[in-house]
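To be precise, the following lines are model-v2.tsv, and they hold TSV, C-alpha atoms.
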```
chain	number	residue	atom	x	y	z
A	1	ASP	CA	-8.47	-4.18	-27.45
A	2	THR	CA	-7.67	-7.86	-27.94
A	3	GLY	CA	-7.99	-8.93	-24.30
A	4	VAL	CA	-10.85	-10.63	-22.48
A	5	SER	CA	-13.80	-8.29	-21.99
A	6	GLN	CA	-16.66	-8.54	-19.53
A	7	ASN	CA	-19.94	-6.70	-19.23
A	8	PRO	CA	-21.27	-5.12	-17.19
A	9	ARG	CA	-18.34	-4.06	-15.03
A	10	HIS	CA	-20.59	-3.40	-12.07
A	11	LYS	CA	-24.03	-4.68	-11.17
A	12	ILE	CA	-26.15	-3.77	-8.16
A	13	THR	CA	-29.30	-5.78	-7.70
A	14	LYS	CA	-31.86	-6.58	-5.05
A	15	ARG	CA	-32.04	-9.96	-3.43
A	16	GLY	CA	-34.21	-12.33	-5.41
A	17	GLN	CA	-33.57	-10.75	-8.79
A	18	ASN	CA	-31.88	-12.53	-11.70
A	19	VAL	CA	-28.67	-11.21	-13.22
A	20	THR	CA	-26.70	-12.14	-16.33
A	21	PHE	CA	-23.08	-11.40	-17.10
A	22	ARG	CA	-21.29	-11.65	-20.43
A	23	CYS	CA	-17.72	-12.59	-21.25
A	24	ASP	CA	-15.97	-12.20	-24.60
A	25	PRO	CA	-12.72	-14.19	-24.64
A	26	ILE	CA	-9.61	-13.51	-26.67
A	27	SER	CA	-10.75	-14.34	-30.19
A	28	GLU	CA	-8.60	-17.37	-30.93
A	29	HIS	CA	-8.98	-18.91	-27.46
A	30	ASN	CA	-11.20	-21.97	-27.36
A	31	ARG	CA	-11.17	-22.46	-23.60
A	32	LEU	CA	-13.23	-20.22	-21.32
A	33	TYR	CA	-13.47	-20.22	-17.54
A	34	TRP	CA	-15.58	-18.52	-14.90
A	35	TYR	CA	-14.23	-17.79	-11.43
A	36	ARG	CA	-15.62	-15.98	-8.40
A	37	GLN	CA	-13.54	-13.88	-6.02
A	38	THR	CA	-14.60	-12.51	-2.66
A	39	LEU	CA	-12.68	-10.01	-0.55
A	40	GLY	CA	-9.45	-11.36	0.85
A	41	GLN	CA	-9.65	-14.62	-1.11
A	42	GLY	CA	-8.13	-15.85	-4.31
A	43	PRO	CA	-10.39	-16.58	-7.27
A	44	GLU	CA	-12.41	-19.80	-7.00
A	45	PHE	CA	-13.21	-21.90	-10.04
A	46	LEU	CA	-16.86	-22.11	-11.10
A	47	THR	CA	-17.00	-23.70	-14.56
A	48	TYR	CA	-15.07	-24.32	-17.77
A	49	PHE	CA	-15.92	-24.57	-21.48
A	50	GLN	CA	-13.99	-25.98	-24.35
A	51	ASN	CA	-15.60	-24.46	-27.41
A	52	GLU	CA	-19.36	-24.74	-26.71
A	53	ALA	CA	-19.10	-27.76	-24.41
A	54	GLN	CA	-19.29	-27.18	-20.66
A	55	LEU	CA	-16.78	-29.74	-19.43
A	56	GLU	CA	-16.52	-29.07	-15.72
A	57	LYS	CA	-18.59	-27.46	-12.99
A	58	SER	CA	-17.49	-26.73	-9.44
A	59	ARG	CA	-19.56	-27.65	-6.40
A	60	LEU	CA	-19.74	-23.87	-5.89
A	61	LEU	CA	-22.03	-23.67	-8.92
A	62	SER	CA	-25.41	-24.18	-7.28
A	63	ASP	CA	-28.64	-24.83	-9.18
A	64	ARG	CA	-29.24	-21.07	-9.25
A	65	PHE	CA	-26.21	-20.61	-11.49
A	66	SER	CA	-26.14	-21.45	-15.17
A	67	ALA	CA	-23.51	-20.76	-17.80
A	68	GLU	CA	-23.65	-21.05	-21.55
A	69	ARG	CA	-21.34	-20.64	-24.48
A	70	PRO	CA	-23.71	-21.33	-27.37
A	71	LYS	CA	-21.46	-20.72	-30.35
A	72	GLY	CA	-18.13	-21.36	-28.74
A	73	SER	CA	-17.33	-17.67	-28.61
A	74	PHE	CA	-18.82	-15.42	-25.90
A	75	SER	CA	-20.26	-16.86	-22.70
A	76	THR	CA	-22.98	-15.82	-20.29
A	77	LEU	CA	-23.29	-16.54	-16.58
A	78	GLU	CA	-26.76	-16.21	-15.09
A	79	ILE	CA	-27.59	-16.17	-11.40
A	80	GLN	CA	-31.24	-16.67	-10.53
A	81	ARG	CA	-32.87	-15.52	-7.30
A	82	THR	CA	-29.72	-13.75	-6.14
A	83	GLU	CA	-28.72	-13.90	-2.50
A	84	GLN	CA	-26.49	-11.54	-0.53
A	85	GLY	CA	-23.84	-14.27	-0.44
A	86	ASP	CA	-23.57	-14.03	-4.21
A	87	SER	CA	-21.93	-10.61	-3.87
A	88	ALA	CA	-18.46	-11.03	-5.35
A	89	MET	CA	-16.27	-10.28	-8.34
A	90	TYR	CA	-17.06	-12.66	-11.21
A	91	LEU	CA	-14.01	-13.19	-13.37
A	92	CYS	CA	-13.83	-14.72	-16.81
A	93	ALA	CA	-10.62	-16.12	-18.28
A	94	SER	CA	-9.64	-17.72	-21.55
A	95	SER	CA	-6.81	-19.85	-22.83
A	96	LEU	CA	-5.70	-21.45	-26.03
A	97	ARG	CA	-5.63	-25.20	-26.45
A	98	GLY	CA	-2.30	-26.38	-27.66
A	99	THR	CA	-0.11	-24.14	-25.53
A	100	GLY	CA	1.26	-27.23	-23.88
A	101	ARG	CA	0.76	-28.23	-20.29
A	102	TYR	CA	1.15	-24.75	-18.88
A	103	ASN	CA	-2.42	-23.66	-19.59
A	104	GLU	CA	-1.84	-19.95	-19.18
A	105	GLN	CA	-5.16	-18.26	-18.59
A	106	PHE	CA	-5.81	-14.58	-19.27
A	107	PHE	CA	-8.40	-12.81	-17.17
A	108	GLY	CA	-10.95	-10.16	-17.98
A	109	PRO	CA	-11.55	-7.13	-15.73
A	110	GLY	CA	-14.43	-8.85	-13.94
A	111	THR	CA	-18.02	-8.00	-13.09
A	112	ARG	CA	-18.49	-6.79	-9.54
A	113	LEU	CA	-21.89	-7.90	-8.23
A	114	THR	CA	-23.50	-6.35	-5.18
A	115	VAL	CA	-26.71	-7.92	-3.91
A	116	LEU	CA	-28.65	-5.67	-1.56
B	1	ARG	CA	-7.53	-27.53	4.28
B	2	LYS	CA	-7.13	-25.39	1.18
B	3	GLU	CA	-5.25	-26.96	-1.69
B	4	VAL	CA	-2.93	-23.97	-2.03
B	5	GLU	CA	-1.61	-22.26	1.08
B	6	GLN	CA	0.19	-18.92	1.23
B	7	ASP	CA	1.23	-16.58	3.99
B	8	PRO	CA	-1.16	-13.64	3.47
B	9	GLY	CA	1.34	-11.11	4.80
B	10	PRO	CA	1.35	-8.18	4.46
B	11	PHE	CA	5.01	-7.93	3.63
B	12	ASN	CA	6.23	-4.35	4.02
B	13	VAL	CA	9.69	-3.86	2.52
B	14	PRO	CA	11.78	-0.83	1.53
B	15	GLU	CA	12.65	-0.12	-2.08
B	16	GLY	CA	15.62	-2.15	-3.20
B	17	ALA	CA	15.00	-5.00	-0.78
B	18	THR	CA	14.79	-8.66	-1.72
B	19	VAL	CA	11.60	-10.42	-0.69
B	20	ALA	CA	10.58	-14.07	-0.94
B	21	PHE	CA	7.13	-15.61	-0.97
B	22	ASN	CA	6.40	-19.24	-0.28
B	23	CYS	CA	3.51	-21.45	-1.20
B	24	THR	CA	2.60	-25.06	-0.57
B	25	TYR	CA	0.10	-27.23	-2.41
B	26	SER	CA	-1.56	-30.39	-1.19
B	27	ASN	CA	-2.45	-32.31	-4.34
B	28	SER	CA	0.44	-34.29	-5.76
B	29	ALA	CA	-1.44	-34.57	-9.06
B	30	SER	CA	-0.85	-30.87	-9.65
B	31	GLN	CA	0.63	-30.38	-13.07
B	32	SER	CA	1.21	-26.70	-13.78
B	33	PHE	CA	2.29	-23.88	-11.52
B	34	PHE	CA	2.10	-20.13	-11.81
B	35	TRP	CA	2.47	-16.86	-10.00
B	36	TYR	CA	-0.17	-14.26	-10.79
B	37	ARG	CA	-0.10	-10.65	-9.70
B	38	GLN	CA	-3.26	-8.80	-8.71
B	39	ASP	CA	-3.47	-5.07	-8.15
B	40	CYS	CA	-6.19	-3.66	-5.92
B	41	ARG	CA	-9.64	-4.15	-7.49
B	42	LYS	CA	-8.11	-5.39	-10.75
B	43	GLU	CA	-8.02	-8.77	-12.43
B	44	PRO	CA	-5.19	-11.25	-11.83
B	45	LYS	CA	-2.41	-11.09	-14.41
B	46	LEU	CA	0.10	-13.82	-15.13
B	47	LEU	CA	3.49	-12.92	-13.70
B	48	MET	CA	5.29	-16.11	-14.61
B	49	SER	CA	4.90	-19.82	-15.05
B	50	VAL	CA	7.00	-21.98	-12.74
B	51	TYR	CA	9.08	-24.68	-14.36
B	52	SER	CA	10.55	-27.71	-12.62
B	53	SER	CA	14.09	-26.50	-13.18
B	54	GLY	CA	13.31	-23.06	-11.82
B	55	ASN	CA	13.14	-19.98	-13.95
B	56	GLU	CA	14.01	-16.32	-13.88
B	57	ASP	CA	12.46	-13.28	-15.50
B	58	GLY	CA	14.40	-10.13	-14.80
B	59	ARG	CA	14.17	-9.43	-11.07
B	60	PHE	CA	11.80	-12.35	-10.48
B	61	THR	CA	12.88	-15.94	-9.80
B	62	ALA	CA	10.49	-18.84	-9.32
B	63	GLN	CA	11.35	-22.24	-7.89
B	64	LEU	CA	9.39	-25.48	-7.67
B	65	ASN	CA	10.09	-28.42	-5.38
B	66	ARG	CA	7.74	-31.24	-6.37
B	67	ALA	CA	8.96	-33.56	-3.61
B	68	SER	CA	8.06	-31.02	-0.93
B	69	GLN	CA	5.10	-29.61	-2.93
B	70	TYR	CA	6.51	-26.16	-2.46
B	71	ILE	CA	6.71	-23.13	-4.75
B	72	SER	CA	8.60	-19.90	-4.17
B	73	LEU	CA	8.89	-16.47	-5.73
B	74	LEU	CA	11.86	-14.21	-5.14
B	75	ILE	CA	11.77	-10.53	-6.03
B	76	ARG	CA	15.09	-8.71	-6.10
B	77	ASP	CA	15.62	-4.95	-6.01
B	78	SER	CA	11.98	-4.24	-5.13
B	79	LYS	CA	10.29	-1.31	-6.83
B	80	LEU	CA	7.35	0.74	-5.60
B	81	SER	CA	5.42	-0.64	-8.58
B	82	ASP	CA	5.84	-4.18	-7.26
B	83	SER	CA	3.27	-3.41	-4.55
B	84	ALA	CA	0.41	-5.83	-5.21
B	85	THR	CA	-1.00	-9.18	-4.13
B	86	TYR	CA	0.87	-12.20	-5.43
B	87	LEU	CA	-1.23	-15.29	-6.03
B	88	CYS	CA	0.23	-18.78	-6.06
B	89	VAL	CA	-1.66	-20.93	-8.55
B	90	VAL	CA	-1.67	-24.63	-9.41
B	91	ASN	CA	-3.49	-26.64	-12.02
B	92	ARG	CA	-4.68	-30.11	-11.06
B	93	ARG	CA	-4.22	-32.81	-13.63
B	94	ASP	CA	-7.42	-34.48	-12.48
B	95	SER	CA	-9.60	-31.39	-12.73
B	96	GLY	CA	-9.35	-30.54	-16.35
B	97	TYR	CA	-7.85	-27.14	-16.54
B	98	ALA	CA	-9.27	-25.35	-13.51
B	99	LEU	CA	-6.77	-23.23	-11.65
B	100	ASN	CA	-6.53	-23.37	-7.87
B	101	PHE	CA	-5.51	-20.09	-6.32
B	102	GLY	CA	-4.02	-19.38	-2.95
B	103	LYS	CA	-5.41	-16.46	-0.96
B	104	GLY	CA	-2.51	-14.33	-2.08
B	105	THR	CA	0.36	-12.60	-0.34
B	106	SER	CA	0.17	-8.83	-0.03
B	107	LEU	CA	3.35	-6.86	-0.74
B	108	LEU	CA	3.85	-3.18	0.02
B	109	VAL	CA	7.11	-1.62	-1.13
B	110	THR	CA	7.81	1.66	0.63
B	111	PRO	CA	10.11	4.54	-0.33
```
Using structure tokens, write down the structure from this file.
Amino acid sequence: DTGVSQNPRHKITKRGQNVTFRCDPISEHNRLYWYRQTLGQGPEFLTYFQNEAQLEKSRLLSDRFSAERPKGSFSTLEIQRTEQGDSAMYLCASSLRGTGRYNEQFFGPGTRLTVL
Amino acid sequence: RKEVEQDPGPFNVPEGATVAFNCTYSNSASQSFFWYRQDCRKEPKLLMSVYSSGNEDGRFTAQLNRASQYISLLIRDSKLSDSATYLCVVNRRDSGYALNFGKGTSLLVTP
């Protein structure tokens, strides 16, 4: 499978626990994005990497959230001290620099987080 | 006010019907425009990019009006398999490459 992969697909945790999600982008894609989607809403941008550099962070990304892409390949998103409001689908996407201005992003299947 | 506004629907149409979705965006710096399709509990998938001159892909036609900051998607000869949520998406020039999504418009095509 050459698409974007995410693990785990589902995560149930208790409030206050830390969770970490992983995203593996399409292999030749150097741009990687994290989005969050809640029920009835479109995805909302969280952060963006070009290679290993984190170039943009949304105001949605509170201090409890941290993302890394240490070798410019896979990325992790960690949420510390989870809250019930963190329950959402966390989507990862990737794109290839040099595809012109259209910036087509390809999404992974997402990690569904439930905080009890 | 959200940057991308869509009528959430739902749009219920019979097979074979033509249906149109509209979308407006508020940031004139927006640079790229897309329609994504999302099936229930699945990830969004790119349906088509929207070019300034308008573009067509089979039964799907997308139009962009930069002056009015308006994007449309027309689906002709609807199929049952077209039932999904259609997300209007714009990319702001001043935000790097983050995509801004509308809430989506729900389409149900019935037999």
Mind dumping a table of every chain B residue within 6 Å of chain A, with the nearest atom pair and its distance in Å to one decimal, using only C-alpha atoms, sorted by chain and rising number, as CSV?
```
residue,atom,partner,partner_atom,distance
B:Ser32,CA,A:Tyr102,CA,5.5
B:Glu43,CA,A:Pro109,CA,5.1
B:Phe101,CA,A:Gly42,CA,5.4
B:Gly102,CA,A:Gly42,CA,5.6
B:Lys103,CA,A:Gly42,CA,4.4
```
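Atom CA of Gln54 of chain A sits 17.8 Å away from atom CA of Glu28 of chain A.
The interatomic distance for the pair atom CA of Tyr86 of chain B and atom CA of Ser30 of chain B works out to 19.2 Å.
Straight-line separation from atom CA of Asn55 of chain B to atom CA of Ser72 of chain B: 10.8 Å.
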Requested in this report: Please identify all polymer residues within 7 Å of Asn7 of chain A, counting all atoms listed in the file, omitting same-chain residues fewer than 5 positions from it, and present them as a list in words.
Outcome: Phe21, Arg22, Cys23 and Thr111 of chain A
Report task. For Ser66 of chain A, list every protein, DNA or RNA residue within 10 Å, evaluated using all atoms listed in the file, and leave out those in the same chain fewer than 5 positions away; present the list as a ChimeraX atom specification. Result -> /A:20,47,57,61,76-80
Given the selection you just returned, output its residues as a file containing C-alpha atoms, formatted as a PDB file, keeping the file's coordinate frame.
```pdb
ATOM      1  CA  THR A  20     -26.700 -12.140 -16.330  1.00  0.00           C
ATOM      2  CA  THR A  47     -17.000 -23.700 -14.560  1.00  0.00           C
ATOM      3  CA  LYS A  57     -18.590 -27.460 -12.990  1.00  0.00           C
ATOM      4  CA  LEU A  61     -22.030 -23.670  -8.920  1.00  0.00           C
ATOM      5  CA  THR A  76     -22.980 -15.820 -20.290  1.00  0.00           C
ATOM      6  CA  LEU A  77     -23.290 -16.540 -16.580  1.00  0.00           C
ATOM      7  CA  GLU A  78     -26.760 -16.210 -15.090  1.00  0.00           C
ATOM      8  CA  ILE A  79     -27.590 -16.170 -11.400  1.00  0.00           C
ATOM      9  CA  GLN A  80     -31.240 -16.670 -10.530  1.00  0.00           C
TER      10      GLN A  80
END
```
Query - A:His10, A:His29, A:Arg64, A:Arg59 ranked by distance to Glu83 of chain A, top pick (using all atoms listed in the file) - result: A:Arg64
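Every protein or nucleic acid residue with an atom no more than 10 Å from Asp77 of chain B, counting all atoms listed in the file and leaving out same-chain residues fewer than 6 positions away, appears here: Pro14, Glu15, Gly16, Ala17, Thr18, Val19, Arg59 and Phe60 of chain B.
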**Report entry** Residues within 12 Å of Thr110 of chain B, all atoms listed in the file, excluding chain neighbours under 2 positions, as number ranges by chain
**Finding:** B: 11-17, 78-83, 107-108
Could you work out an axis-aligned bounding box for all listed atoms of segment 7-24 of chain B, with 6 Å added on each of the six sides, and give its centre and edge lengths in Å to one decimal, as AutoDock Vina command-line options?
```
--center_x 7.2 --center_y -12.6 --center_z 0.8 --size_x 28.8 --size_y 36.9 --size_z 20.0
```
